[in-house]
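What follows is protein.txt (compact mmCIF, C-alpha atoms).
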```txt
# COMPACT_ATOMS: atom_id res chain seq x y z
CA MET Q 1241 105.63 121.11 117.42
CA LYS Q 1242 106.24 117.54 116.38
CA THR Q 1243 109.37 115.43 116.01
CA VAL Q 1244 110.15 113.48 112.87
CA HIS Q 1245 113.03 111.28 111.83
CA VAL Q 1246 114.83 112.23 108.61
CA ARG Q 1247 117.34 110.02 106.81
CA TYR Q 1248 119.62 111.46 104.16
CA PHE Q 1249 121.10 109.72 101.14
CA ALA Q 1250 123.67 110.52 98.48
CA ILE Q 1251 124.05 114.23 97.72
CA LEU Q 1252 121.69 115.27 100.54
CA ARG Q 1253 123.66 113.16 103.04
CA GLU Q 1254 126.86 114.88 101.99
CA GLN Q 1255 125.36 118.36 102.01
CA ARG Q 1256 123.81 117.76 105.45
CA GLY Q 1257 126.93 116.05 106.81
CA LEU Q 1258 124.72 113.48 108.56
CA ASP Q 1259 123.05 110.14 107.75
CA GLU Q 1260 119.99 110.88 109.85
CA GLU Q 1261 118.60 113.17 112.51
CA ARG Q 1262 115.54 114.00 114.57
CA VAL Q 1263 113.92 117.21 113.51
CA ALA Q 1264 111.47 119.28 115.55
CA THR Q 1265 109.16 121.03 113.14
CA THR Q 1266 105.88 122.80 112.74
CA ALA Q 1267 105.71 121.87 109.02
CA ALA Q 1268 102.25 120.66 108.03
CA THR Q 1269 103.35 118.79 104.92
CA ALA Q 1270 106.41 117.00 103.52
CA ALA Q 1271 106.85 119.90 101.10
CA GLU Q 1272 107.01 122.41 103.97
CA LEU Q 1273 109.49 120.26 105.86
CA TYR Q 1274 111.80 119.97 102.85
CA GLU Q 1275 111.66 123.71 102.30
CA GLU Q 1276 112.65 124.32 105.94
CA LEU Q 1277 115.58 121.91 105.66
CA ARG Q 1278 116.64 123.13 102.22
CA VAL Q 1279 116.98 126.70 103.45
CA LEU Q 1280 118.63 125.70 106.72
CA HIS Q 1281 121.23 123.37 105.16
CA ARG Q 1282 121.55 125.01 101.73
CA PHE Q 1283 120.52 121.88 99.83
CA THR Q 1284 121.10 122.47 96.13
CA LEU Q 1285 118.25 120.29 94.84
CA PRO Q 1286 114.83 121.93 94.53
CA ALA Q 1287 111.82 119.86 95.65
CA GLU Q 1288 110.72 119.46 92.01
CA ARG Q 1289 113.75 117.20 91.45
CA LEU Q 1290 113.03 114.99 94.47
CA ARG Q 1291 110.48 112.45 95.60
CA VAL Q 1292 109.47 111.94 99.19
CA ALA Q 1293 109.12 108.70 101.14
CA VAL Q 1294 107.16 108.46 104.38
CA ASN Q 1295 107.66 105.44 106.63
CA ASP Q 1296 109.53 103.57 103.86
CA GLU Q 1297 106.90 104.09 101.16
CA PHE Q 1298 106.74 106.67 98.40
CA GLY Q 1299 104.42 109.44 99.50
CA SER Q 1300 103.19 112.73 98.16
CA TRP Q 1301 104.52 116.19 98.92
CA GLY Q 1302 101.15 117.23 100.25
CA SER Q 1303 100.87 114.38 102.73
CA PRO Q 1304 100.60 115.60 106.31
CA VAL Q 1305 103.64 115.26 108.55
CA ARG Q 1306 102.77 113.42 111.74
CA ASP Q 1307 104.69 113.16 114.98
CA GLY Q 1308 107.05 110.18 114.78
CA ASP Q 1309 107.03 109.88 110.97
CA ALA Q 1310 110.21 108.74 109.21
CA LEU Q 1311 110.89 110.80 106.11
CA VAL Q 1312 113.36 110.47 103.28
CA PHE Q 1313 113.79 113.03 100.54
CA VAL Q 1314 114.75 110.94 97.53
CA PRO Q 1315 117.26 112.60 95.18
CA PRO Q 1316 117.06 111.78 91.43
CA VAL Q 1317 117.80 108.06 91.24
CA ALA Q 1318 120.69 106.56 89.29
CA GLY Q 1319 120.78 102.81 89.65
CA GLY Q 1320 121.84 100.47 86.85
CA MET S 1441 111.33 85.83 91.28
CA SER S 1442 113.32 88.30 93.27
CA PHE S 1443 115.13 91.58 93.59
CA ARG S 1444 117.97 92.05 95.98
CA LEU S 1445 120.83 94.32 96.91
CA THR S 1446 124.29 93.01 97.67
CA ALA S 1447 127.51 94.55 98.92
CA ALA S 1448 129.50 91.55 97.60
CA ALA S 1449 130.61 90.79 94.01
CA ILE S 1450 127.78 89.39 91.88
CA GLU S 1451 128.50 85.73 91.05
CA THR S 1452 126.63 85.39 87.78
CA SER S 1453 127.43 81.71 87.18
CA VAL S 1454 125.93 80.72 90.54
CA LEU S 1455 122.85 82.87 89.94
CA ALA S 1456 122.36 81.55 86.40
CA GLU S 1457 122.72 77.95 87.54
CA ALA S 1458 119.80 78.45 89.93
CA LEU S 1459 117.61 79.34 86.94
CA ARG S 1460 118.15 76.04 85.11
CA ASP S 1461 114.77 74.58 84.26
CA VAL S 1462 114.06 72.15 81.42
CA ARG S 1463 110.66 73.77 80.83
CA THR S 1464 112.28 77.01 79.74
CA GLY S 1465 113.86 77.32 76.30
CA ALA S 1466 115.21 80.82 76.85
CA CYS S 1467 117.34 82.55 79.45
CA VAL S 1468 118.18 86.18 78.73
CA THR S 1469 120.63 87.93 81.02
CA PHE S 1470 121.85 91.51 81.21
CA GLU S 1471 125.04 92.60 82.95
CA GLY S 1472 125.55 96.28 83.68
CA ARG S 1473 129.30 96.85 84.12
CA VAL S 1474 131.31 99.79 85.38
CA ARG S 1475 132.53 101.74 82.36
CA ASN S 1476 135.78 103.72 82.26
CA GLN S 1477 134.23 106.93 80.97
CA ASN S 1478 131.01 108.94 81.13
CA GLU S 1479 130.15 111.97 79.03
CA GLY S 1480 133.77 112.41 78.04
CA ARG S 1481 135.22 112.15 81.54
CA ALA S 1482 137.59 109.36 82.55
CA VAL S 1483 136.02 107.35 85.41
CA ARG S 1484 138.24 105.46 87.85
CA ALA S 1485 135.63 104.00 90.24
CA LEU S 1486 131.96 104.05 91.21
CA GLU S 1487 130.01 104.03 94.42
CA TYR S 1488 126.38 102.94 94.77
CA GLU S 1489 124.23 103.91 97.71
CA ALA S 1490 120.72 102.54 98.29
CA TYR S 1491 117.78 103.41 100.49
CA ALA S 1492 117.55 99.71 101.23
CA PRO S 1493 113.98 99.11 102.49
CA LEU S 1494 112.36 101.13 99.70
CA ALA S 1495 114.86 99.98 97.03
CA GLU S 1496 114.02 96.37 97.87
CA SER S 1497 110.26 96.87 97.86
CA GLU S 1498 110.30 98.95 94.66
CA GLY S 1499 112.64 96.43 92.97
CA ALA S 1500 110.36 93.55 94.00
CA LYS S 1501 107.39 95.46 92.61
CA ILE S 1502 109.16 95.88 89.23
CA VAL S 1503 110.00 92.18 89.03
CA ALA S 1504 106.40 91.31 89.92
CA GLU S 1505 105.15 93.70 87.23
CA ALA S 1506 107.38 91.95 84.68
CA MET S 1507 105.97 88.58 85.74
CA GLY S 1508 102.45 89.90 85.21
CA ARG S 1509 103.13 91.67 81.94
CA PHE S 1510 105.15 89.05 80.02
CA PRO S 1511 104.72 85.26 79.63
CA ILE S 1512 107.90 84.42 81.53
CA THR S 1513 108.85 81.74 84.04
CA GLN S 1514 111.35 83.44 86.33
CA ALA S 1515 112.88 86.88 86.76
CA VAL S 1516 115.75 87.93 89.00
CA CYS S 1517 117.56 91.23 89.50
CA VAL S 1518 120.58 91.79 91.74
CA HIS S 1519 122.11 95.22 92.29
CA ARG S 1520 125.44 96.05 93.90
CA THR S 1521 125.98 98.62 96.60
CA GLY S 1522 129.25 100.10 97.86
CA SER S 1523 132.48 100.74 95.98
CA LEU S 1524 132.99 99.17 92.55
CA ALA S 1525 136.09 99.00 90.37
CA LEU S 1526 136.08 99.39 86.58
CA GLY S 1527 134.64 96.34 84.85
CA GLU S 1528 132.78 95.05 87.91
CA ILE S 1529 129.15 94.07 87.54
CA ALA S 1530 126.85 96.75 88.96
CA VAL S 1531 123.54 95.10 88.11
CA TRP S 1532 122.46 91.69 86.82
CA VAL S 1533 119.07 90.80 85.38
CA ALA S 1534 117.99 87.35 84.25
CA VAL S 1535 114.70 86.19 82.80
CA THR S 1536 113.69 82.70 81.74
CA SER S 1537 110.74 81.80 79.57
CA GLY S 1538 109.45 79.22 77.13
CA HIS S 1539 110.49 81.30 74.14
CA ARG S 1540 113.04 84.07 73.65
CA ALA S 1541 110.90 87.08 72.72
CA ALA S 1542 109.23 87.44 76.11
CA ALA S 1543 112.53 86.94 77.92
CA PHE S 1544 114.24 89.72 75.92
CA ASP S 1545 111.29 92.07 76.43
CA ALA S 1546 111.00 91.40 80.15
CA CYS S 1547 114.75 91.78 80.70
CA SER S 1548 114.71 95.12 78.93
CA PHE S 1549 111.63 96.23 80.90
CA ILE S 1550 113.22 95.34 84.25
CA ILE S 1551 116.50 97.17 83.70
CA ALA S 1552 114.72 100.27 82.37
CA GLU S 1553 112.32 100.39 85.34
CA VAL S 1554 115.10 99.75 87.85
CA LYS S 1555 117.09 102.67 86.47
CA ALA S 1556 114.04 104.94 86.57
CA ARG S 1557 112.42 103.98 89.87
CA VAL S 1558 114.62 102.23 92.43
CA PRO S 1559 115.93 104.66 95.06
CA MET S 1560 119.64 104.22 94.63
CA TRP S 1561 122.38 106.58 93.63
CA LYS S 1562 125.65 106.42 91.76
CA LYS S 1563 128.67 108.53 92.53
CA GLU S 1564 131.34 108.61 89.86
CA HIS S 1565 134.95 109.16 90.85
CA TYR S 1566 136.95 110.66 88.02
CA ALA S 1567 140.59 110.27 87.04
CA ASP S 1568 141.18 113.97 87.78
CA GLY S 1569 140.29 113.43 91.46
CA THR S 1570 136.81 114.97 91.35
CA SER S 1571 133.53 113.10 91.89
CA GLU S 1572 129.86 113.65 91.20
CA TRP S 1573 126.46 112.19 92.10
CA ILE S 1574 124.87 111.28 88.77
CA ASN S 1575 121.60 113.08 87.89
CA CYS S 1576 121.96 115.38 90.93
CA ALA S 1577 123.79 118.29 89.33
CA THR S 1578 122.32 121.77 89.61
CA GLY S 1579 123.81 125.12 88.71
CA ALA S 1580 125.00 125.50 92.29
CA ALA S 1581 126.28 121.95 92.71
CA LYS S 1582 128.35 122.09 89.55
CA ALA S 1583 130.30 125.16 90.60
```
As structure tokens:
Amino acid sequence: MKTVHVRYFAILREQRGLDEERVATTAATAAELYEELRVLHRFTLPAERLRVAVNDEFGSWGSPVRDGDALVFVPPVAGG
Amino acid sequence: MSFRLTAAAIETSVLAEALRDVRTGACVTFEGRVRNQNEGRAVRALEYEAYAPLAESEGAKIVAEAMGRFPITQAVCVHRTGSLALGEIAVWVAVTSGHRAAAFDACSFIIAEVKARVPMWKKEHYADGTSEWINCATGAAKA
């Protein structure tokens, strides 16, 4: 079991009802962690529509989740 | 050259003044303003939310890419966060260069890349009291 820090933005923040939280997980990858959270919190966006950021940099879904990592699941962007 | 986020109104005259340079014959600016409708729905206000550390680094990367790709002198992009009223400036891009073609091209490149890549989100508030995160709709979310 490891503990990671997850921050939520926009639609995910509203669906979670929180800006951020610590999550204890056995997920090996970012993709597995999102799937756990999506099921638990009924997030409407599938992983295919998101990007993932690890420690404030864009990462890949297959990157390993390490104890203490800070993750953000990035909903489809809409600046401008 | 810079990219930054601001929660305060964008003062374009102040920003443009800082780009005065007698070596540059062209200054192209783009102002993205809050529009009163989107896809047929009357909009009454907008909200922008940013993942600040990554938005700033990705925005800076885009501006640096423009500097490398086009023969320009300076490039600046400022994006609002928070609540915006109709007509307010949501994003401002300015590019200076010796001649106009590169400035137009770089300005267009920067706004297109910012819209596609910078982690920020827009929530539209409609006249009928509903609201929606743009680009985030799914079958379930629309219900």
Handout entry: Distance filter 8 Å, all atoms listed in the file, chain S against chain Q, as a PyMOL selection string
Key = chain S and resi 1472+1488-1491+1493-1494+1519+1530-1531+1551+1554-1562+1573-1576+1578+1580-1581
Completion exercise
In terms of all atoms listed in the file, the residue from S:Gly1499, S:Arg1520, S:Val1483, S:Val1535 at minimal distance from Asp1568 (chain S) is S:Val1483
Exercise for the section: Skip Asp1545 (chain S) itself and residues of its chain fewer than 5 positions away, then list as number ranges by chain all residues within 12 Å of it, counting only C-alpha atoms. Expected result: S: 1466-1470, 1506-1507, 1509-1512, 1515, 1533-1537, 1539-1540, 1550-1552
Practice task
Considering all atoms listed in the file, return as a PyMOL selection string whatever protein or nucleic-acid residues lie within 12 Å of Arg1262 (chain Q), sequence-local ones (same chain, fewer than 4 positions apart) excluded.
Solution key: chain Q and resi 1242-1248+1258+1277+1307-1311
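Interatomic distance, CA of Ala1543 (chain S) against CA of Ala1495 (chain S): 23.3 Å.
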Exercise for the section: Using only C-alpha atoms, determine which residues lie at most 12 Å from Glu1275 (chain Q), disregarding the query and same-chain residues fewer than 5 positions distant; provide the list as number ranges by chain. Expected result: Q: 1265-1270, 1280-1288, 1290, 1301, 1313
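Note that the spacing between CA of Arg1306 (chain Q) and CA of Asp1259 (chain Q) amounts to 20.9 Å.
Reported to one decimal place, the separation of CA of Arg1444 (chain S) from CA of Leu1526 (chain S) is 21.7 Å.
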Exercise for the section: May I ask which of the residues S:Val1516, S:Ala1546, S:Ala1500, S:Leu1524 is the closest one to His1565 (chain S), counting all atoms listed in the file? Expected result: S:Leu1524
Dump of region 1287-1301 of chain Q from preceding block, C-alpha atoms, as a compact mmCIF listing (two decimals), in the first residue's frame:
```txt
# COMPACT_ATOMS: atom_id res chain seq x y z
CA ALA Q 1287 -9.51 7.78 -19.05
CA GLU Q 1288 -9.31 8.11 -22.85
CA ARG Q 1289 -10.59 11.69 -22.52
CA LEU Q 1290 -8.04 12.67 -19.85
CA ARG Q 1291 -4.33 13.22 -19.52
CA VAL Q 1292 -2.37 12.54 -16.38
CA ALA Q 1293 0.19 14.74 -14.64
CA VAL Q 1294 2.66 13.38 -12.11
CA ASN Q 1295 4.50 15.79 -9.82
CA ASP Q 1296 3.39 18.79 -11.94
CA GLU Q 1297 4.54 17.37 -15.28
CA PHE Q 1298 2.54 15.58 -17.96
CA GLY Q 1299 3.11 11.86 -17.57
CA SER Q 1300 1.92 8.69 -19.19
CA TRP Q 1301 -0.88 6.41 -18.06
```
